Each structure stands twice: as structure tokens, then as C-alpha cells.
Amino acid sequence: MLLVSKILENFDEVSSSMLKRNIDVNNQLKKIIELDKSRRETQSKLDSHLADSNKLAKKIGDIFKKGEYEKANSYKEKASLLKLETKKISDVLNSYINDLNNLLLDIPNIPHQLVPKGDSENDNEEVLNEGKIPELHANALAHWELASKHDIIDFELGNKITGAGFPVYKDKGAKLQRALINFFLDKNIEAGYKEIQVPILVNELSGTSTGQLPDKEGQMYMINEDNLYLAPTAEVPVTNIYRDCILNSNELPICLTSYTPCFRREAGSYGSHVRGLNRLHQFDKVEIVRIETPEKSYLALDEMVNHVKSIISELNLPFRIVRLCGGDLGFTSCLTYDFEVYSAVQKKWLEVSSVSNFETFQSNRLKLRINDNGSKVLAHTLNGSSLALPRIVACILENFQTEKSIKIPKALIPYTGFDKI
RNA sequence: AGAGAGGUGGCCGAGUGGUUUAAGGCGCACGCUUGGAAAGCGUGUAUACGCCAAAAGUGUAUCGAGGGUUCGAAUCCCUUCCUCUCUACCA
């Protein structure tokens, strides 16, 4: 959520930078400023009425003690009238606060200077392209064909148990999943991230605080009976650990890593690009989350990008890093780098990681501050996938297939216990 | 899930309608004291919002959360969340 003070002080900058997202928020911003002014005026008015009420109540108490009941009663009447008026002002104030909040909740984060203008993923800016695209034999198969040929992932069985997008991993397929999770976690821990296990069901406030609500309302599975959501990413439970916290500057940076299954409804996405493992309703992901001071957050973003890069390199997968353009940039993010691995059979790039700096957008909702020698500032939050499994699995299967088998990348063999499928 | 007991500042803990402006203690910070330390003494010690150019200051709100009763609520009522004990169930 943007700060009203930021909008007030940098109106033109905020307004024009939103054009990169292809949205015009000028009117909303003006309304926010107006509402904030009304809010402050009403607050002053209410406070002075409450101050009067408090004084009067005290006076009545004193008079009662002296036993002057008649006098007290006349003051009581006066106090009642004052109270009625106070109630009215308080209602007005609350409506201003609500309207202001609702407007602010609908405005996305301000894109960073580096974010290119653009409409869609086609306008993303490639910043690195590394690794060799393998030359496959003539009969190379797509991963969903390999999965069934080797009987390691069963999509049909998942349909039976749950529905489309919930595959069953079998035998070496299951072990490959487990190997990747451990491999990723170990790499992250080695790089200084502390492992943490968190709940996968989250409440509404958690969803709002990291920015999934109200923006992605329809993308999360909801359990109505208990008013809980299935987390679409570990970002939600992990970042919310620090909701309503004031951290001492010497506690920073906070670097966490967590494995969780992730659940996404993916409403409205159908077609060939969702075949096999390309897009699932349930998938596994290892996430990294950082909390940083404003001064260091972009340094941290670079570190995270380099870290994810090193993991993909170790798996020997051809990949590229793209800087998301305004049109593709997530609601909550200032700057995002996506990692895409190349699927040699499908002949396309598949997103496997998204690394973002949210600056104060989340921390403002989280009320996550840093206490630096008595002065308080909002922290910067960042996160990234390190990494999401399904498309990594798809690429391993496709890119490392031979006529007879699938070779496991060397770095993974200690984790799988086998070198081919 | 049922019955009961609870939730008060960084922590412990007093407080059943108006000298609570939340006692007292611990912790922490600073100062005095000391050769140095401890002890002792003194001062201070939350968050949010408003006013003020800013600081100082000051007003308001906050005793799990939300609503209500009252001139006045930590205290009474309702709703809700959480914790503990017992019972039931259970990996």
C-alpha cells in the first residue's frame, strides 16, 4: 500500500510512473489527497470534542462527590448532547478512513526506474541469457509423454483423486521432487537463509498484508467455513511472521527460506501452455524471503538474483533472466526479475522464479518497522522463488532425455540416489 | 467438541464504575555516587493518529479484538479470537 505522504510529496512522479503499468490513477490519487485532508480535519474536530467530553465527565464526578446532585444532572444533559455530536463526527471520520483505505488498497506499487514500459511479457527486458540449449534426438518427447513413458508422473490419477492440475508423482518422479526440495533448501541455507516451516492455510489479514487480497481474490482457494485461504506461495505466511513488528536495526537482515506446497486456482487459464507441468493448481516451491533496511534492499535484490542464478547453473539448465515490464509487473512489486528455463522440446521459456523488491508496499500493510536509534522507518521486504519445482522438473525431463533414459544433473545425484530415470 | 479459568505496558503483577493521570516490582537507558564495579539514590522508559514549518510541546485513542450500557469503563453487558486445566476424540 502506498503512503499518503509519498503521494502528497511526489504526486507527479507517482502518477506518471503508473503509466508504465498502463494505468492512469490520477483521479484516484487526487481523491486520496482530498480524503486525507478531510480525514485530518475531522480527526482534529473529533479530538477536541472528546477532550471536552473528558473534562465534563471529570467535573461531573467531582460534583457528585460533593453531593450536588441537581447541578450534576444539568451537566449530564450537556454531556449527553455533546456525546451525540461526537458520535456523528466519529461516524464521518470512519467513513473517510474506510474510503481512503479502499482507494489505497486498489493502487499498485510504484514501478522502479529500471522497469521498462510495456504491455505484456513480450516487452520484458532480457538481462542475461546463459547455458547451452541441448540438441535432442529426433524422437525427443515432451515431458508429459516422458512422464507417462517412465511412469513417474500420473496426471490421470490426479484427475481421479482431485481434478486437473493436481498430478501424482510416482516412484523416481516422487523422489526427484523430494531431491529438488532438499537441494534447493540446502543451497539456500548455505547462502545464509534460515529454514522455517509455516502454516499453509492463512487468514484474511495475512492475505491482505502481503497484497494478495483484494487483488488476487479469485486466485486463492478459500475455505469458507473457517474463513481461511490456501497459500498461493510461502511468501504469504513467511512474510506475515513480521506483521506488527518493530525490528531493531541490528536484527537485520532477516533471511528466511521455506518449502511449501502452493495452491492457485489459475482461473481463466486454459490451452496448450497449461499442458503437463506447465501450470498446476498445486505445486511445490522453495521460497526465500528477506527483510532489509531501505538502504540495502536493492543490493539484497541483486544478491538474491545471483543466488538463484547459481542454483540453476548448477542444474545445467539453459536459462535467461528478464526484467519485467510495467504491464507484466506484479501488483505489489517495484522491480521483478523472472528466471525462465528453456524447454528444449516445447521450444519455449518457462518461468521458474520471480525475484522482487516490494520496498515499503507490503511493510506498510504489515506495519513492519525498523527502529534505528529511536527513529522508525518502514522496512523493505523482498522475496523470490528458489525455486519452483514443476517447470524445473519439466526441463530436466525434456532437456536431459536420451533415447532410453533421462539423465539426472550431477549436482542432484547425491539427493536422488540414482543417476538416471 | 463439552465444562471451567484466564488474556493488563519489554516482562511479572495490582486493580469489580469517578484521586488510575494503570499501583508495585523486574528489566533497560541516562545521571549521581565509586579508584573501578556492584549496591544505593534520582530521572526516564509503548504504539498510532491529530495540531505545530520542525523540535519542544500538546490533544485523542489503545488493558486480546470488535460492538454496547453510562455524563464517565481495564472494571458492567454482548459478540469474537487466543491461552491454560479437565473430559471426549485423535496422528
# chains A, B, ... in the order shown; residues from 1 in each chain; ligands from 1
>>> interface_residues(of="chain A", to="chain B", cutoff="6 Å", atoms="only C-alpha atoms (C1' of nucleotides)", output="list in words")
Gln43, Ser44, Asp47, Ala57, Gly61, Lys76 and Ala79 of chain A
>>> residues_around(residues="region 233-246 of chain A", least_positions_apart="4", cutoff="7 Å", atoms="only C-alpha atoms (C1' of nucleotides)", output="list in words")
Val198, Pro199, Val202, Ser206, Gly207, Thr210, Ser258, Thr260, Cys262, Glu287, Val289, Leu366, Lys367, Leu368, Arg369, Ile370, Asn371 and Asn383 of chain A
>>> residues_around(residues="region 87-97 of chain A", least_positions_apart="5", cutoff="8 Å", atoms="only C-alpha atoms (C1' of nucleotides)", output="list in words")
Leu35, Asp36, Ser38, Arg39, Thr42, Gln43, Lys45 and Leu46 of chain A
>>> select_by_dssp(residues="region 44-186 of chain A", states="strand (DSSP E)", output="ChimeraX atom specification")
/A:125-130,153-154,168-169
>>> residues_around(residues="A23 (chain B)", least_positions_apart="5", cutoff="12 Å", atoms="only C-alpha atoms (C1' of nucleotides)", output="list in words")
G13, A14 and G15 of chain B
>>> write_last_selection(atoms="C-alpha atoms (C1' of nucleotides)", output="compact mmCIF listing (two decimals), in the first residue's frame")
# COMPACT_ATOMS: atom_id res chain seq x y z
C1' G B 13 1.77 -8.24 38.58
C1' A B 14 -2.23 -4.96 41.46
C1' G B 15 -6.65 -3.17 40.03
>>> closest_residue(among="A:Lys407, A:Arg391, A:Lys216, A:Lys132", to="Asn278 (chain A)", atoms="only C-alpha atoms")
A:Arg391
>>> select_by_dssp(residues="region 342-378 of chain A", states="alpha helix (DSSP H)", output="PyMOL selection string")
chain A and resi 361-366
>>> residues_around(residues="Ala388 (chain A)", least_positions_apart="3", cutoff="7 Å", atoms="only C-alpha atoms (C1' of nucleotides)", output="count of residues only")
6
>>> closest_residue(among="A:Leu100, A:Ile161, A:Ile406, A:Asn357", to="Phe418 (chain A)", atoms="only C-alpha atoms")
A:Ile406
>>> residues_around(residues="Asn122 (chain A)", least_positions_apart="2", cutoff="10 Å", atoms="only C-alpha atoms (C1' of nucleotides)", output="PDB file with N, CA and C atoms, in the first residue's frame")
ATOM      1  N   GLY A 118       5.750  -1.272 -21.097  1.00  0.00           N
ATOM      2  CA  GLY A 118       5.366  -2.399 -21.940  1.00  0.00           C
ATOM      3  C   GLY A 118       4.025  -2.949 -21.549  1.00  0.00           C
ATOM      4  N   ASP A 119       3.440  -3.730 -22.461  1.00  0.00           N
ATOM      5  CA  ASP A 119       2.086  -4.230 -22.237  1.00  0.00           C
ATOM      6  C   ASP A 119       2.064  -5.636 -21.660  1.00  0.00           C
ATOM      7  N   SER A 120       2.972  -6.469 -22.154  1.00  0.00           N
ATOM      8  CA  SER A 120       2.874  -7.883 -21.795  1.00  0.00           C
ATOM      9  C   SER A 120       4.268  -8.468 -21.653  1.00  0.00           C
ATOM     10  N   ASN A 124       9.137  -7.671 -21.874  1.00  0.00           N
ATOM     11  CA  ASN A 124      10.115  -7.802 -20.798  1.00  0.00           C
ATOM     12  C   ASN A 124      11.516  -7.683 -21.382  1.00  0.00           C
ATOM     13  N   GLU A 125      12.438  -7.262 -20.528  1.00  0.00           N
ATOM     14  CA  GLU A 125      13.775  -6.956 -21.000  1.00  0.00           C
ATOM     15  C   GLU A 125      14.726  -8.067 -20.567  1.00  0.00           C
ATOM     16  N   LEU A 324      10.958  -7.565 -15.620  1.00  0.00           N
ATOM     17  CA  LEU A 324       9.561  -7.435 -16.023  1.00  0.00           C
ATOM     18  C   LEU A 324       9.218  -5.997 -16.403  1.00  0.00           C
ATOM     19  N   CYS A 325       8.447  -5.900 -17.473  1.00  0.00           N
ATOM     20  CA  CYS A 325       7.988  -4.584 -17.898  1.00  0.00           C
ATOM     21  C   CYS A 325       6.770  -4.184 -17.075  1.00  0.00           C
ATOM     22  N   GLY A 327       3.717  -3.658 -17.679  1.00  0.00           N
ATOM     23  CA  GLY A 327       2.467  -4.376 -17.904  1.00  0.00           C
ATOM     24  C   GLY A 327       2.463  -5.763 -17.291  1.00  0.00           C
ATOM     25  N   ASP A 328       3.646  -6.320 -17.057  1.00  0.00           N
ATOM     26  CA  ASP A 328       3.747  -7.688 -16.546  1.00  0.00           C
ATOM     27  C   ASP A 328       4.101  -7.705 -15.055  1.00  0.00           C
TER      28      ASP A 328
END
>>> atom_distance(atom1="CA of Lys172 (chain A)", atom2="CA of Ile152 (chain A)")
6.0 Å
>>> atom_distance(atom1="CA of Gly330 (chain A)", atom2="CA of Leu114 (chain A)")
14.7 Å
>>> atom_distance(atom1="CA of Ile196 (chain A)", atom2="CA of Gly417 (chain A)")
25.3 Å
>>> residues_around(residues="A3 (chain B)", least_positions_apart="5", cutoff="12 Å", atoms="only C-alpha atoms (C1' of nucleotides)", output="compact mmCIF listing (two decimals) with all heavy atoms, in the first residue's frame")
# COMPACT_ATOMS: atom_id res chain seq x y z
P U B 85 -2.41 -27.14 30.19
OP1 U B 85 -1.21 -27.86 30.65
OP2 U B 85 -2.95 -27.39 28.84
O5' U B 85 -3.59 -27.38 31.23
C5' U B 85 -3.36 -27.30 32.63
C4' U B 85 -4.65 -27.57 33.37
O4' U B 85 -5.61 -26.51 33.07
C3' U B 85 -5.38 -28.84 32.97
O3' U B 85 -4.86 -29.99 33.60
C2' U B 85 -6.81 -28.53 33.43
O2' U B 85 -6.97 -28.70 34.81
C1' U B 85 -6.92 -27.05 33.08
N1 U B 85 -7.54 -26.82 31.76
C2 U B 85 -8.93 -26.85 31.67
O2 U B 85 -9.64 -27.06 32.64
N3 U B 85 -9.44 -26.63 30.42
C4 U B 85 -8.73 -26.39 29.26
O4 U B 85 -9.34 -26.20 28.21
C5 U B 85 -7.31 -26.39 29.42
C6 U B 85 -6.78 -26.59 30.63
P C B 86 -4.89 -31.39 32.84
OP1 C B 86 -4.08 -32.34 33.63
OP2 C B 86 -4.60 -31.18 31.41
O5' C B 86 -6.43 -31.80 32.97
C5' C B 86 -6.99 -32.15 34.24
C4' C B 86 -8.49 -32.25 34.14
O4' C B 86 -9.04 -30.98 33.67
C3' C B 86 -9.01 -33.25 33.11
O3' C B 86 -8.98 -34.59 33.58
C2' C B 86 -10.44 -32.74 32.90
O2' C B 86 -11.29 -33.12 33.96
C1' C B 86 -10.22 -31.23 32.92
N1 C B 86 -10.05 -30.68 31.56
C2 C B 86 -11.21 -30.42 30.79
O2 C B 86 -12.32 -30.67 31.28
N3 C B 86 -11.09 -29.93 29.54
C4 C B 86 -9.87 -29.69 29.04
N4 C B 86 -9.78 -29.19 27.81
C5 C B 86 -8.67 -29.94 29.79
C6 C B 86 -8.81 -30.43 31.03
P U B 87 -8.78 -35.78 32.54
OP1 U B 87 -8.66 -37.04 33.30
OP2 U B 87 -7.70 -35.39 31.59
O5' U B 87 -10.16 -35.78 31.75
C5' U B 87 -11.36 -36.21 32.40
C4' U B 87 -12.54 -36.02 31.49
O4' U B 87 -12.66 -34.62 31.12
C3' U B 87 -12.46 -36.72 30.14
O3' U B 87 -12.75 -38.10 30.21
C2' U B 87 -13.51 -35.93 29.34
O2' U B 87 -14.82 -36.31 29.68
C1' U B 87 -13.23 -34.51 29.83
N1 U B 87 -12.30 -33.80 28.91
C2 U B 87 -12.83 -33.26 27.76
O2 U B 87 -14.01 -33.33 27.47
N3 U B 87 -11.93 -32.63 26.94
C4 U B 87 -10.57 -32.49 27.16
O4 U B 87 -9.89 -31.89 26.33
C5 U B 87 -10.09 -33.09 28.38
C6 U B 87 -10.95 -33.71 29.19
P A B 88 -12.05 -39.10 29.18
OP1 A B 88 -12.46 -40.47 29.54
OP2 A B 88 -10.60 -38.76 29.08
O5' A B 88 -12.74 -38.70 27.80
C5' A B 88 -14.11 -39.02 27.56
C4' A B 88 -14.53 -38.46 26.23
O4' A B 88 -14.36 -37.01 26.23
C3' A B 88 -13.70 -38.91 25.03
O3' A B 88 -14.07 -40.20 24.58
C2' A B 88 -14.01 -37.81 24.02
O2' A B 88 -15.28 -37.98 23.44
C1' A B 88 -14.02 -36.57 24.93
N9 A B 88 -12.70 -35.94 24.95
C8 A B 88 -11.72 -36.05 25.90
N7 A B 88 -10.63 -35.37 25.62
C5 A B 88 -10.91 -34.78 24.40
C6 A B 88 -10.17 -33.92 23.55
N6 A B 88 -8.94 -33.50 23.83
N1 A B 88 -10.75 -33.52 22.41
C2 A B 88 -11.98 -33.93 22.12
N3 A B 88 -12.79 -34.73 22.84
C4 A B 88 -12.19 -35.12 23.97
>>> closest_residue(among="B:U21, B:U8, B:U47, B:U80", to="C63 (chain B)", atoms="only C-alpha atoms (C1' of nucleotides)")
B:U8
>>> decode(residues="region 407-418 of chain A", atoms="all heavy atoms", output="tab-separated table (two decimals), in the first residue's frame")
chain	number	residue	atom	x	y	z
A	407	LYS	N	18.81	-38.42	-17.95
A	407	LYS	CA	19.96	-38.28	-17.06
A	407	LYS	C	19.66	-37.24	-15.98
A	407	LYS	O	19.11	-36.18	-16.27
A	407	LYS	CB	21.18	-37.80	-17.88
A	407	LYS	CG	21.83	-38.89	-18.67
A	407	LYS	CD	23.20	-38.38	-19.17
A	407	LYS	CE	23.65	-39.17	-20.37
A	407	LYS	NZ	24.48	-38.34	-21.29
A	408	ILE	N	20.08	-37.57	-14.79
A	408	ILE	CA	19.89	-36.63	-13.68
A	408	ILE	C	21.10	-35.71	-13.62
A	408	ILE	O	22.24	-36.17	-13.71
A	408	ILE	CB	19.78	-37.42	-12.35
A	408	ILE	CG1	18.59	-38.38	-12.37
A	408	ILE	CG2	19.69	-36.49	-11.15
A	408	ILE	CD1	17.23	-37.71	-12.46
A	409	PRO	N	20.91	-34.40	-13.46
A	409	PRO	CA	22.05	-33.48	-13.35
A	409	PRO	C	22.95	-33.91	-12.17
A	409	PRO	O	22.45	-34.32	-11.13
A	409	PRO	CB	21.41	-32.12	-13.06
A	409	PRO	CG	20.01	-32.24	-13.52
A	409	PRO	CD	19.63	-33.69	-13.42
A	410	LYS	N	24.23	-33.76	-12.40
A	410	LYS	CA	25.22	-34.25	-11.44
A	410	LYS	C	24.98	-33.75	-10.02
A	410	LYS	O	25.05	-34.52	-9.05
A	410	LYS	CB	26.61	-33.78	-11.91
A	410	LYS	CG	27.72	-34.71	-11.52
A	410	LYS	CD	28.97	-34.31	-12.31
A	410	LYS	CE	30.24	-34.67	-11.56
A	410	LYS	NZ	31.42	-34.05	-12.19
A	411	ALA	N	24.67	-32.47	-9.92
A	411	ALA	CA	24.50	-31.88	-8.58
A	411	ALA	C	23.35	-32.51	-7.81
A	411	ALA	O	23.31	-32.44	-6.58
A	411	ALA	CB	24.27	-30.37	-8.72
A	412	LEU	N	22.43	-33.12	-8.53
A	412	LEU	CA	21.25	-33.68	-7.87
A	412	LEU	C	21.42	-35.13	-7.44
A	412	LEU	O	20.66	-35.63	-6.62
A	412	LEU	CB	20.05	-33.61	-8.82
A	412	LEU	CG	19.11	-32.42	-8.74
A	412	LEU	CD1	17.89	-32.67	-9.61
A	412	LEU	CD2	18.66	-32.17	-7.31
A	413	ILE	N	22.40	-35.81	-8.04
A	413	ILE	CA	22.54	-37.25	-7.81
A	413	ILE	C	22.67	-37.61	-6.32
A	413	ILE	O	22.03	-38.54	-5.85
A	413	ILE	CB	23.69	-37.84	-8.66
A	413	ILE	CG1	23.32	-37.67	-10.14
A	413	ILE	CG2	23.91	-39.32	-8.34
A	413	ILE	CD1	24.42	-38.04	-11.12
A	414	PRO	N	23.46	-36.82	-5.55
A	414	PRO	CA	23.53	-37.14	-4.12
A	414	PRO	C	22.15	-37.07	-3.45
A	414	PRO	O	21.93	-37.69	-2.42
A	414	PRO	CB	24.44	-36.05	-3.55
A	414	PRO	CG	25.20	-35.53	-4.72
A	414	PRO	CD	24.35	-35.71	-5.92
A	415	TYR	N	21.26	-36.31	-4.03
A	415	TYR	CA	19.93	-36.16	-3.44
A	415	TYR	C	18.94	-37.22	-3.93
A	415	TYR	O	18.08	-37.66	-3.19
A	415	TYR	CB	19.37	-34.76	-3.75
A	415	TYR	CG	20.10	-33.67	-3.00
A	415	TYR	CD1	21.23	-33.06	-3.53
A	415	TYR	CD2	19.65	-33.26	-1.75
A	415	TYR	CE1	21.90	-32.08	-2.83
A	415	TYR	CE2	20.31	-32.26	-1.04
A	415	TYR	CZ	21.45	-31.67	-1.59
A	415	TYR	OH	22.10	-30.70	-0.90
A	416	THR	N	19.07	-37.59	-5.20
A	416	THR	CA	18.13	-38.59	-5.73
A	416	THR	C	18.58	-40.01	-5.36
A	416	THR	O	17.75	-40.88	-5.13
A	416	THR	CB	18.05	-38.52	-7.27
A	416	THR	OG1	19.38	-38.61	-7.80
A	416	THR	CG2	17.40	-37.24	-7.73
A	417	GLY	N	19.90	-40.21	-5.37
A	417	GLY	CA	20.39	-41.57	-5.15
A	417	GLY	C	20.39	-42.39	-6.43
A	417	GLY	O	20.76	-43.56	-6.41
A	418	PHE	N	19.97	-41.81	-7.53
A	418	PHE	CA	20.09	-42.50	-8.83
A	418	PHE	C	20.55	-41.49	-9.86
A	418	PHE	O	20.38	-40.28	-9.66
A	418	PHE	CB	18.76	-43.16	-9.25
A	418	PHE	CG	17.55	-42.26	-9.17
A	418	PHE	CD1	17.26	-41.35	-10.19
A	418	PHE	CD2	16.68	-42.31	-8.07
A	418	PHE	CE1	16.13	-40.54	-10.13
A	418	PHE	CE2	15.56	-41.48	-8.00
A	418	PHE	CZ	15.29	-40.60	-9.04
